[in-house]
>>> print(open('input_0.csv').read())   # CSV, C-alpha atoms
chain,number,residue,atom,x,y,z
R,4,MET,CA,0.0,0.0,0.0
R,5,LEU,CA,2.8,2.4,0.9
R,6,THR,CA,4.6,1.6,-2.4
R,7,THR,CA,1.4,2.4,-4.4
R,8,CYS,CA,1.0,5.7,-2.6
R,9,LEU,CA,4.6,6.7,-3.2
R,10,LEU,CA,4.3,5.8,-6.9
R,11,LEU,CA,1.1,7.8,-7.3
R,12,ALA,CA,2.7,10.8,-5.5
R,13,ALA,CA,5.8,10.6,-7.7
R,14,ALA,CA,3.6,10.4,-10.8
R,15,ALA,CA,1.6,13.4,-9.8
R,16,ILE,CA,4.8,15.4,-9.2
R,17,GLY,CA,6.3,14.3,-12.5
R,18,CYS,CA,3.2,15.2,-14.4
R,19,SER,CA,2.8,18.7,-13.0
R,20,LYS,CA,3.8,21.6,-15.3
R,21,SER,CA,5.7,24.7,-14.5
R,22,ALA,CA,3.9,28.0,-14.6
R,23,GLU,CA,5.8,28.9,-17.7
R,24,GLU,CA,4.7,25.7,-19.5
R,25,GLU,CA,1.1,26.3,-18.5
R,26,ALA,CA,1.3,29.8,-19.8
R,27,LYS,CA,2.7,28.6,-23.1
R,28,ASP,CA,0.0,25.9,-23.4
R,29,CYS,CA,-2.6,28.6,-22.8
R,30,ALA,CA,-1.0,31.0,-25.3
R,31,THR,CA,-1.1,28.2,-27.9
R,32,ALA,CA,-4.8,27.7,-27.3
R,33,LEU,CA,-5.4,31.4,-27.5
R,34,THR,CA,-3.4,31.8,-30.8
R,35,GLU,CA,-6.0,29.6,-32.4
R,36,ARG,CA,-8.8,31.9,-31.3
R,37,THR,CA,-7.1,35.2,-32.1
R,38,GLY,CA,-5.4,34.3,-35.4
R,39,SER,CA,-2.0,34.9,-33.9
R,40,ASP,CA,1.1,33.0,-35.2
R,41,SER,CA,1.0,29.5,-33.6
R,42,SER,CA,4.6,30.0,-32.6
R,43,ASP,CA,3.7,33.1,-30.6
R,44,THR,CA,3.5,31.6,-27.2
R,45,PRO,CA,4.6,34.2,-24.6
R,46,THR,CA,5.0,33.4,-21.0
R,47,ALA,CA,2.8,35.5,-18.6
R,48,SER,CA,5.7,37.9,-18.0
R,49,GLU,CA,6.4,38.3,-21.7
R,50,ALA,CA,2.7,38.9,-22.3
R,51,GLU,CA,2.8,41.6,-19.6
R,52,GLU,CA,5.8,43.2,-21.2
R,53,ARG,CA,4.0,43.3,-24.6
R,54,ASN,CA,0.9,44.8,-23.1
R,55,ASN,CA,2.9,47.4,-21.1
R,56,ALA,CA,4.6,48.4,-24.4
R,57,LEU,CA,1.2,48.9,-26.0
R,58,ASP,CA,-0.1,50.8,-23.1
R,59,LYS,CA,3.0,53.1,-23.1
R,60,THR,CA,2.6,53.7,-26.8
R,61,LEU,CA,-1.1,54.5,-26.5
R,62,ALA,CA,-0.4,56.9,-23.6
R,63,ASP,CA,2.4,58.6,-25.6
R,64,MET,CA,0.0,59.0,-28.6
R,65,VAL,CA,-2.7,60.6,-26.4
R,66,ARG,CA,-0.1,63.0,-24.9
R,67,SER,CA,1.0,63.9,-28.5
R,68,GLY,CA,-2.5,64.6,-29.7
R,69,TYR,CA,-3.3,61.4,-31.5
R,70,GLU,CA,-6.2,60.4,-29.3
R,71,GLY,CA,-8.2,59.1,-32.4
R,72,VAL,CA,-5.4,56.7,-33.4
R,73,ALA,CA,-5.0,55.5,-29.8
R,74,LYS,CA,-8.7,54.9,-29.6
R,75,ASP,CA,-8.7,53.0,-32.9
R,76,ALA,CA,-5.9,50.8,-31.6
R,77,THR,CA,-7.7,50.2,-28.3
R,78,ASP,CA,-10.9,49.3,-30.2
R,79,ALA,CA,-9.0,46.9,-32.5
R,80,VAL,CA,-7.4,45.0,-29.6
R,81,GLU,CA,-10.8,44.9,-27.7
R,82,LYS,CA,-12.5,43.5,-30.8
R,83,LYS,CA,-9.8,40.9,-31.5
R,84,THR,CA,-9.9,39.9,-27.8
R,85,LYS,CA,-13.7,39.5,-27.9
R,86,ASP,CA,-13.6,37.7,-31.2
R,87,GLY,CA,-11.4,35.1,-29.4
R,88,GLY,CA,-14.4,34.1,-27.4
R,89,LYS,CA,-15.5,34.6,-23.8
R,90,SER,CA,-14.9,31.1,-22.5
R,91,ARG,CA,-11.5,30.2,-21.1
R,92,PRO,CA,-9.8,27.4,-23.0
R,93,GLU,CA,-9.2,24.3,-21.0
R,94,ALA,CA,-5.4,24.8,-21.3
R,95,CYS,CA,-5.8,28.1,-19.5
R,96,GLU,CA,-7.7,26.8,-16.5
R,97,PRO,CA,-4.6,26.5,-14.2
R,98,LEU,CA,-3.6,30.2,-14.7
R,99,LEU,CA,-4.4,33.1,-12.4
R,100,LYS,CA,-7.0,35.5,-13.8
R,101,GLU,CA,-4.3,38.2,-14.3
R,102,ASP,CA,-2.0,35.9,-16.2
R,103,TYR,CA,-4.9,34.7,-18.4
R,104,SER,CA,-6.0,38.2,-19.1
R,105,ALA,CA,-2.4,39.3,-20.0
R,106,LEU,CA,-2.0,36.3,-22.4
R,107,ARG,CA,-5.4,36.9,-24.0
R,108,MET,CA,-4.5,40.5,-24.7
R,109,ALA,CA,-1.0,39.7,-25.8
R,110,THR,CA,-2.2,37.1,-28.3
R,111,ALA,CA,-4.8,39.5,-29.6
R,112,ILE,CA,-1.9,42.0,-30.2
R,113,GLY,CA,-0.1,39.3,-32.1
R,114,GLY,CA,-3.2,38.4,-34.0
R,115,LEU,CA,-3.4,41.9,-35.2
R,116,GLY,CA,0.1,41.6,-36.6
R,117,TRP,CA,1.5,44.2,-34.2
R,118,THR,CA,4.5,42.1,-33.0
R,119,GLY,CA,8.1,41.8,-34.3
R,120,GLU,CA,10.1,38.7,-34.9
R,121,GLY,CA,10.9,38.3,-31.2
R,122,GLY,CA,7.3,38.7,-30.1
R,123,GLU,CA,7.8,42.2,-28.8
R,124,PHE,CA,5.1,44.9,-29.5
R,125,ASP,CA,6.0,46.9,-32.6
R,126,LYS,CA,4.3,50.3,-32.7
R,127,LEU,CA,5.2,50.8,-36.4
R,128,LYS,CA,3.3,47.6,-37.3
R,129,MET,CA,0.4,48.9,-35.2
R,130,VAL,CA,0.3,52.2,-37.1
R,131,GLU,CA,0.6,50.4,-40.5
R,132,GLY,CA,-2.2,47.9,-39.4
R,133,LEU,CA,-4.4,50.8,-38.5
R,134,GLY,CA,-3.9,52.2,-42.0
R,135,GLY,CA,-1.7,55.1,-40.9
>>> encode(input="input_0.csv", output="C-alpha coordinates")
Amino acid sequence: MLTTCLLLAAAAIGCSKSAEEEAKDCATALTERTGSDSSDTPTASEAEERNNALDKTLADMVRSGYEGVAKDATDAVEKKTKDGGKSRPEACEPLLKEDYSALRMATAIGGLGWTGEGGEFDKLKMVEGLGG
(Lines of atoms letter the chains of each structure in order from A and count residues from 1; the text may use other names and numbers.)
(Lines give C-alpha, C1' and ligand atoms only; values in the text may rest on other atoms or scores of the structure.)
Protein backbone atom coordinates (compact mmCIF):
# COMPACT_ATOMS: atom_id res chain seq x y z
CA MET A 1 0.00 0.00 0.00
CA LEU A 2 2.79 2.41 0.89
CA THR A 3 4.57 1.64 -2.38
CA THR A 4 1.40 2.41 -4.35
CA CYS A 5 0.97 5.74 -2.58
CA LEU A 6 4.59 6.69 -3.21
CA LEU A 7 4.30 5.78 -6.90
CA LEU A 8 1.12 7.84 -7.26
CA ALA A 9 2.73 10.81 -5.50
CA ALA A 10 5.81 10.57 -7.73
CA ALA A 11 3.62 10.36 -10.84
CA ALA A 12 1.63 13.41 -9.78
CA ILE A 13 4.79 15.42 -9.20
CA GLY A 14 6.29 14.25 -12.48
CA CYS A 15 3.17 15.24 -14.42
CA SER A 16 2.80 18.74 -13.04
CA LYS A 17 3.83 21.56 -15.34
CA SER A 18 5.70 24.70 -14.50
CA ALA A 19 3.87 28.02 -14.60
CA GLU A 20 5.84 28.88 -17.74
CA GLU A 21 4.73 25.66 -19.48
CA GLU A 22 1.12 26.28 -18.45
CA ALA A 23 1.30 29.82 -19.85
CA LYS A 24 2.74 28.59 -23.14
CA ASP A 25 0.01 25.94 -23.42
CA CYS A 26 -2.60 28.62 -22.78
CA ALA A 27 -1.02 30.97 -25.32
CA THR A 28 -1.08 28.18 -27.90
CA ALA A 29 -4.81 27.68 -27.31
CA LEU A 30 -5.39 31.44 -27.53
CA THR A 31 -3.44 31.82 -30.80
CA GLU A 32 -5.99 29.55 -32.43
CA ARG A 33 -8.75 31.91 -31.30
CA THR A 34 -7.06 35.21 -32.08
CA GLY A 35 -5.40 34.34 -35.37
CA SER A 36 -1.96 34.93 -33.92
CA ASP A 37 1.05 32.99 -35.19
CA SER A 38 1.02 29.53 -33.60
CA SER A 39 4.64 30.00 -32.57
CA ASP A 40 3.67 33.14 -30.63
CA THR A 41 3.45 31.60 -27.17
CA PRO A 42 4.62 34.17 -24.64
CA THR A 43 4.99 33.44 -20.97
CA ALA A 44 2.84 35.49 -18.61
CA SER A 45 5.71 37.91 -17.96
CA GLU A 46 6.43 38.29 -21.69
CA ALA A 47 2.72 38.92 -22.29
CA GLU A 48 2.76 41.57 -19.59
CA GLU A 49 5.79 43.24 -21.23
CA ARG A 50 4.00 43.28 -24.59
CA ASN A 51 0.87 44.75 -23.05
CA ASN A 52 2.85 47.37 -21.14
CA ALA A 53 4.62 48.42 -24.36
CA LEU A 54 1.24 48.87 -26.05
CA ASP A 55 -0.09 50.84 -23.07
CA LYS A 56 2.97 53.11 -23.07
CA THR A 57 2.64 53.70 -26.82
CA LEU A 58 -1.05 54.55 -26.48
CA ALA A 59 -0.36 56.94 -23.60
CA ASP A 60 2.39 58.63 -25.63
CA MET A 61 0.00 58.96 -28.57
CA VAL A 62 -2.66 60.60 -26.42
CA ARG A 63 -0.10 63.00 -24.94
CA SER A 64 1.02 63.86 -28.49
CA GLY A 65 -2.50 64.64 -29.67
CA TYR A 66 -3.25 61.38 -31.46
CA GLU A 67 -6.24 60.36 -29.34
CA GLY A 68 -8.15 59.09 -32.37
CA VAL A 69 -5.41 56.67 -33.41
CA ALA A 70 -5.00 55.50 -29.82
CA LYS A 71 -8.74 54.86 -29.61
CA ASP A 72 -8.70 52.98 -32.91
CA ALA A 73 -5.88 50.78 -31.59
CA THR A 74 -7.70 50.16 -28.32
CA ASP A 75 -10.89 49.29 -30.19
CA ALA A 76 -9.00 46.89 -32.49
CA VAL A 77 -7.44 45.03 -29.55
CA GLU A 78 -10.76 44.88 -27.73
CA LYS A 79 -12.53 43.51 -30.82
CA LYS A 80 -9.80 40.93 -31.47
CA THR A 81 -9.94 39.85 -27.82
CA LYS A 82 -13.74 39.52 -27.93
CA ASP A 83 -13.58 37.65 -31.23
CA GLY A 84 -11.40 35.13 -29.42
CA GLY A 85 -14.40 34.06 -27.36
CA LYS A 86 -15.46 34.58 -23.80
CA SER A 87 -14.93 31.09 -22.50
CA ARG A 88 -11.53 30.20 -21.10
CA PRO A 89 -9.82 27.40 -23.03
CA GLU A 90 -9.15 24.29 -20.97
CA ALA A 91 -5.39 24.80 -21.33
CA CYS A 92 -5.79 28.15 -19.54
CA GLU A 93 -7.69 26.83 -16.51
CA PRO A 94 -4.62 26.51 -14.23
CA LEU A 95 -3.62 30.16 -14.72
CA LEU A 96 -4.39 33.05 -12.42
CA LYS A 97 -6.97 35.49 -13.79
CA GLU A 98 -4.30 38.20 -14.26
CA ASP A 99 -2.00 35.89 -16.21
CA TYR A 100 -4.86 34.66 -18.39
CA SER A 101 -5.96 38.24 -19.12
CA ALA A 102 -2.40 39.25 -20.01
CA LEU A 103 -2.00 36.28 -22.36
CA ARG A 104 -5.37 36.91 -23.96
CA MET A 105 -4.51 40.53 -24.72
CA ALA A 106 -0.96 39.70 -25.85
CA THR A 107 -2.16 37.08 -28.33
CA ALA A 108 -4.76 39.54 -29.61
CA ILE A 109 -1.95 42.02 -30.24
CA GLY A 110 -0.09 39.26 -32.08
CA GLY A 111 -3.23 38.37 -34.02
CA LEU A 112 -3.42 41.94 -35.25
CA GLY A 113 0.12 41.60 -36.61
CA TRP A 114 1.54 44.15 -34.20
CA THR A 115 4.54 42.14 -33.03
CA GLY A 116 8.09 41.83 -34.26
CA GLU A 117 10.06 38.65 -34.89
CA GLY A 118 10.91 38.26 -31.20
CA GLY A 119 7.29 38.66 -30.13
CA GLU A 120 7.76 42.20 -28.85
CA PHE A 121 5.14 44.85 -29.53
CA ASP A 122 6.00 46.90 -32.64
CA LYS A 123 4.34 50.32 -32.74
CA LEU A 124 5.18 50.84 -36.42
CA LYS A 125 3.32 47.64 -37.32
CA MET A 126 0.42 48.86 -35.24
CA VAL A 127 0.27 52.17 -37.13
CA GLU A 128 0.56 50.35 -40.46
CA GLY A 129 -2.17 47.92 -39.39
CA LEU A 130 -4.44 50.81 -38.54
CA GLY A 131 -3.94 52.21 -42.03
CA GLY A 132 -1.71 55.06 -40.94
>>> atom_distance(input="input_0.csv", atom1="CA of Ala76 in chain R", atom2="CA of Arg36 in chain R")
19.1 Å
>>> closest_residue(input="input_0.csv", among="R:Gly87, R:Asp40, R:Lys82, R:Arg53", to="Arg107 in chain R", atoms="only C-alpha atoms")
R:Gly87
>>> residues_around(input="input_0.csv", residues="Val65 in chain R", least_positions_apart="6", cutoff="12 Å", atoms="only C-alpha atoms", output="ChimeraX atom specification")
/R:58-59,71-77
>>> closest_residue(input="input_0.csv", among="R:Tyr103, R:Asn54, R:Gly114, R:Thr60", to="Ser42 in chain R", atoms="all atoms listed in the file")
R:Gly114
>>> closest_residue(input="input_0.csv", among="R:Asp102, R:Glu131, R:Glu52, R:Glu35", to="Gly88 in chain R", atoms="all atoms listed in the file")
R:Glu35
>>> closest_residue(input="input_0.csv", among="R:Lys100, R:Gly122, R:Cys95, R:Asp86", to="Gly38 in chain R", atoms="all atoms listed in the file")
R:Asp86
>>> residues_around(input="input_0.csv", residues="Lys20 in chain R", least_positions_apart="6", cutoff="10 Å", atoms="all atoms listed in the file", output="list in words")
Ala26, Asp28 and Pro97 of chain R
>>> atom_distance(input="input_0.csv", atom1="CA of Trp117 in chain R", atom2="CA of Val130 in chain R")
8.6 Å
>>> atom_distance(input="input_0.csv", atom1="CA of Asp43 in chain R", atom2="CA of Glu93 in chain R")
18.3 Å
>>> closest_residue(input="input_0.csv", among="R:Thr84, R:Asp125, R:Gly132, R:Pro92", to="Thr37 in chain R", atoms="all atoms listed in the file")
R:Thr84
